[in-house]
file entry_17.pdb (PDB, C-alpha atoms)
ATOM      1  CA  MET A  69     122.720  99.848 109.116
ATOM      2  CA  ARG A  70     121.561 100.242 105.574
ATOM      3  CA  ILE A  71     118.576  99.334 103.461
ATOM      4  CA  VAL A  72     119.600  97.240 100.513
ATOM      5  CA  SER A  73     117.858  97.612  97.171
ATOM      6  CA  LYS A  74     116.211  94.780  95.268
ATOM      7  CA  LEU A  75     119.285  94.367  93.078
ATOM      8  CA  MET A  76     121.463  93.906  96.141
ATOM      9  CA  LEU A  77     118.868  91.527  97.541
ATOM     10  CA  THR A  78     119.257  89.234  94.561
ATOM     11  CA  LEU A  79     123.030  89.396  94.860
ATOM     12  CA  ALA A  80     122.903  88.641  98.573
ATOM     13  CA  PHE A  81     120.157  86.020  98.375
ATOM     14  CA  ASN A  82     122.733  83.241  98.530
ATOM     15  CA  PHE A  83     123.401  84.289 102.152
ATOM     16  CA  LEU A  84     119.784  83.389 102.958
ATOM     17  CA  ILE A  85     120.195  79.948 101.459
ATOM     18  CA  ILE A  86     123.336  79.285 103.479
ATOM     19  CA  GLY A  87     121.200  79.382 106.622
ATOM     20  CA  GLY A  88     121.569  82.871 107.981
ATOM     21  CA  LEU A  89     122.290  86.375 106.922
ATOM     22  CA  GLN A  90     125.590  86.575 108.728
ATOM     23  CA  ALA A  91     128.268  85.601 106.260
ATOM     24  CA  ARG A  92     131.899  86.305 105.532
ATOM     25  CA  VAL A  93     132.709  87.979 102.251
ATOM     26  CA  SER A  94     136.289  87.923 101.092
ATOM     27  CA  HIS A  95     137.935  89.098  97.925
ATOM     28  CA  ASP A  96     141.249  87.801  99.110
ATOM     29  CA  GLU A  97     142.756  86.810 102.457
ATOM     30  CA  ARG A  98     143.597  90.400 103.456
ATOM     31  CA  HIS A  99     140.136  91.872 102.864
ATOM     32  CA  GLN A 100     137.490  89.966 104.811
ATOM     33  CA  HIS A 101     134.251  91.586 105.949
ATOM     34  CA  ASP A 102     131.442  90.303 108.134
ATOM     35  CA  ILE A 103     127.978  91.153 106.909
ATOM     36  CA  SER A 104     125.559  91.762 109.773
ATOM     37  CA  GLY A 105     123.123  94.400 110.852
ATOM     38  CA  VAL A 106     121.581  94.705 107.401
ATOM     39  CA  ILE A 107     117.913  94.993 106.472
ATOM     40  CA  PHE A 108     117.055  93.418 103.135
ATOM     41  CA  GLU A 109     113.910  95.005 101.737
ATOM     42  CA  ASN A 110     111.862  93.094  99.179
ATOM     43  CA  THR A 111     108.709  95.181  98.745
ATOM     44  CA  ASP A 112     106.653  96.156  95.719
ATOM     45  CA  SER A 113     104.131  98.724  96.907
ATOM     46  CA  ALA A 114     104.656 102.259  98.180
ATOM     47  CA  LYS A 115     102.935 101.441 101.493
ATOM     48  CA  ALA A 116     105.254  98.515 102.104
ATOM     49  CA  ALA A 117     108.307 100.637 101.305
ATOM     50  CA  GLN A 118     107.056 103.320 103.689
ATOM     51  CA  PHE A 119     106.574 100.694 106.412
ATOM     52  CA  ALA A 120     110.137  99.458 105.816
ATOM     53  CA  GLN A 121     111.512 102.989 106.127
ATOM     54  CA  TRP A 122     109.677 103.599 109.407
ATOM     55  CA  PHE A 123     110.687 100.162 110.686
ATOM     56  CA  THR A 124     114.343 100.906 109.942
ATOM     57  CA  PHE A 125     114.073 104.284 111.677
ATOM     58  CA  TYR A 126     112.799 102.682 114.889
ATOM     59  CA  TRP A 127     114.954  99.545 114.556
ATOM     60  CA  LEU A 128     118.139 101.625 114.876
ATOM     61  CA  ASP A 129     117.151 102.533 118.459
ATOM     62  CA  TYR A 130     117.766  98.971 119.642
ATOM     63  CA  PRO A 131     121.290  97.636 120.337
ATOM     64  CA  VAL A 132     120.437  94.291 118.739
ATOM     65  CA  SER A 133     120.156  96.074 115.362
ATOM     66  CA  GLU A 134     123.948  96.126 115.013
ATOM     67  CA  SER A 135     124.264  92.348 114.981
ATOM     68  CA  ALA A 136     120.981  91.100 113.517
ATOM     69  CA  SER A 137     120.197  91.035 109.820
ATOM     70  CA  LEU A 138     116.550  91.067 108.820
ATOM     71  CA  VAL A 139     114.441  90.587 105.715
ATOM     72  CA  ILE A 140     111.281  92.607 105.120
ATOM     73  CA  ARG A 141     109.180  90.871 102.456
ATOM     74  CA  GLU A 142     105.854  91.686 100.903
ATOM     75  CA  ASN A 143     103.657  88.707 100.044
ATOM     76  CA  GLN A 144     100.565  88.988  97.901
ATOM     77  CA  SER A 145      97.840  86.400  97.844
ATOM     78  CA  ALA A 146      94.257  86.377  96.623
ATOM     79  CA  ARG A 147      92.991  85.094  99.957
ATOM     80  CA  ARG A 148      94.912  87.237 102.440
ATOM     81  CA  GLY A 149      95.747  90.321 100.382
ATOM     82  CA  LYS A 150      99.122  91.997 100.896
ATOM     83  CA  GLN A 151     101.153  90.963 103.911
ATOM     84  CA  LEU A 152     104.454  92.210 105.222
ATOM     85  CA  LEU A 153     106.776  89.727 106.871
ATOM     86  CA  VAL A 154     109.816  90.527 108.995
ATOM     87  CA  GLN A 155     112.199  87.565 109.131
ATOM     88  CA  TYR A 156     115.307  86.759 111.111
ATOM     89  CA  GLN A 157     117.277  83.624 110.192
ATOM     90  CA  ASN A 158     114.393  82.315 108.062
ATOM     91  CA  THR A 159     111.970  82.679 110.987
ATOM     92  CA  ILE A 160     108.968  85.001 110.675
ATOM     93  CA  LEU A 161     108.999  87.293 113.700
ATOM     94  CA  PHE A 162     106.335  89.774 112.636
ATOM     95  CA  GLN A 163     103.444  89.632 110.195
ATOM     96  CA  PHE A 164     101.343  92.630 109.184
ATOM     97  CA  SER A 165      98.420  92.870 106.758
ATOM     98  CA  LEU A 166      98.298  95.878 104.477
ATOM     99  CA  SER A 167      94.837  97.122 103.621
ATOM    100  CA  TYR A 168      93.681  99.515 100.970
ATOM    101  CA  GLN A 169      92.305 101.839 103.617
ATOM    102  CA  ARG A 170      94.358 104.488 105.338
ATOM    103  CA  GLN A 171      96.625 102.958 107.989
ATOM    104  CA  ASP A 172      98.988 104.360 110.578
ATOM    105  CA  LEU A 173     102.141 102.717 109.240
ATOM    106  CA  GLN A 174     104.392 104.677 111.575
ATOM    107  CA  SER A 175     102.899 103.267 114.783
ATOM    108  CA  ALA A 176     102.694  99.788 113.243
ATOM    109  CA  ALA A 177     106.386  99.976 112.333
ATOM    110  CA  GLN A 178     107.260 101.184 115.830
ATOM    111  CA  GLN A 179     105.420  98.256 117.419
ATOM    112  CA  ALA A 180     106.995  95.858 114.926
ATOM    113  CA  ALA A 181     110.499  97.115 115.690
ATOM    114  CA  GLN A 182     109.930  96.665 119.417
ATOM    115  CA  GLN A 183     108.508  93.158 119.050
ATOM    116  CA  VAL A 184     111.206  92.042 116.621
ATOM    117  CA  ALA A 185     113.980  93.462 118.823
ATOM    118  CA  GLU A 186     112.666  91.530 121.826
ATOM    119  CA  GLN A 187     112.340  88.311 119.849
ATOM    120  CA  VAL A 188     115.790  88.642 118.253
ATOM    121  CA  ALA A 189     117.341  89.294 121.672
ATOM    122  CA  ASN A 190     115.649  86.157 123.014
ATOM    123  CA  LEU A 191     116.838  84.117 120.041
ATOM    124  CA  GLN A 192     120.404  85.398 120.419
ATOM    125  CA  ASN A 193     120.501  84.821 124.183
ATOM    126  CA  PHE A 194     118.784  81.419 124.161
ATOM    127  CA  PRO A 195     119.261  79.928 120.684
ATOM    128  CA  THR A 196     118.455  76.349 121.702
ATOM    129  CA  ALA A 197     115.263  77.318 123.532
ATOM    130  CA  HIS A 198     113.543  77.842 120.175
ATOM    131  CA  ASP A 199     114.945  74.785 118.429
ATOM    132  CA  PRO A 200     112.014  72.673 117.158
ATOM    133  CA  ASP A 201     114.175  69.539 117.210
ATOM    134  CA  LEU A 202     114.447  69.613 121.012
ATOM    135  CA  ALA A 203     111.809  68.136 123.291
ATOM    136  CA  GLU A 204     110.699  69.989 126.418
ATOM    137  CA  ASP A 205     112.910  67.878 128.690
ATOM    138  CA  GLU A 206     115.961  68.636 126.516
ATOM    139  CA  LEU A 207     115.686  72.434 126.769
ATOM    140  CA  PRO A 208     118.355  74.151 128.864
TER     141      PRO A 208
END
call {"tool": "encode", "arguments": {"input": "entry_17.pdb", "output": "structure tokens"}}
result
Amino acid sequence: MRIVSKLMLTLAFNFLIIGGLQARVSHDERHQHDISGVIFENTDSAKAAQFAQWFTFYWLDYPVSESASLVIRENQSARRGKQLLVQYQNTILFQFSLSYQRQDLQSAAQQAAQQVAEQVANLQNFPTAHDPDLAEDELP
């Protein structure tokens, strides 16, 4: 597990467009590598970076962290302020609002890691159960 810098995020952004963060990188036929279990961090503020560090610390405790690649993004808007989003396969699994007041980012990151791990495990075990194209009678 590793946190990837913003430069690496721009280089790896094409994996997001493909439809998932799991991709196969090959320089030639003998050297192929699967990319998984990576956290892409796209944050601007110090608080968001601190949240991402705590999230990564707690995320490593879960077995699903080895196979799931996540994106931690910081969104800024005039209406909502700064928000942190944790995404898995272009799906927002956790959303957290950053305020200018003092916050306990460590406990928020711990709760986020637990919630995201549970949701990723559900998505990996029952991928069609969350497919919006399926009606209720078509679910397994």
call {"tool": "resolve_selection", "arguments": {"input": "entry_17.pdb", "expression": "the PyMOL selection byres ((chain A and resi 186) around 12)", "output": "number ranges by chain"}}
result
A: 127, 130-133, 136, 161-162, 179-185, 187-193
call {"tool": "closest_residue", "arguments": {"input": "entry_17.pdb", "among": "A:Leu153, A:Asn158, A:Ala117, A:Ser167", "to": "Arg141 of chain A", "atoms": "all atoms listed in the file"}}
result
A:Leu153
call {"tool": "atom_distance", "arguments": {"input": "entry_17.pdb", "atom1": "atom CA of Phe194 of chain A", "atom2": "atom CA of Asn143 of chain A"}}
result
29.4 Å
call {"tool": "residues_around", "arguments": {"input": "entry_17.pdb", "residues": "Gln163 of chain A", "least_positions_apart": "3", "cutoff": "7 Å", "atoms": "all atoms listed in the file", "output": "list of chain:residue names"}}
result
A:Gln151, A:Leu152, A:Leu153, A:Val154
call {"tool": "resolve_selection", "arguments": {"input": "entry_17.pdb", "expression": "the PyMOL selection byres ((chain A and resi 118) around 12)", "output": "PyMOL selection string"}}
result
chain A and resi 109+111-117+119-125+140+152+166+171-177
call {"tool": "axis_aligned_box", "arguments": {"input": "entry_17.pdb", "around": "segment 170-179 of chain A", "padding_each_side": "5 Å", "output": "lines of an AutoDock Vina configuration file"}}
result
center_x = 100.8
center_y = 101.5
center_z = 111.4
size_x = 22.9
size_y = 16.4
size_z = 22.1
call {"tool": "atom_distance", "arguments": {"input": "entry_17.pdb", "atom1": "atom CA of Tyr168 of chain A", "atom2": "atom CA of Ile107 of chain A"}}
result
25.3 Å
call {"tool": "closest_residue", "arguments": {"input": "entry_17.pdb", "among": "A:Phe164, A:Gly105, A:Thr159, A:Tyr126", "to": "Gln144 of chain A", "atoms": "only C-alpha atoms"}}
result
A:Phe164
call {"tool": "closest_residue", "arguments": {"input": "entry_17.pdb", "among": "A:Ser165, A:Ser135, A:Ile160, A:Phe108", "to": "Arg148 of chain A", "atoms": "only C-alpha atoms"}}
result
A:Ser165
call {"tool": "atom_distance", "arguments": {"input": "entry_17.pdb", "atom1": "atom CA of Arg147 of chain A", "atom2": "atom CA of Gln178 of chain A"}}
result
26.7 Å
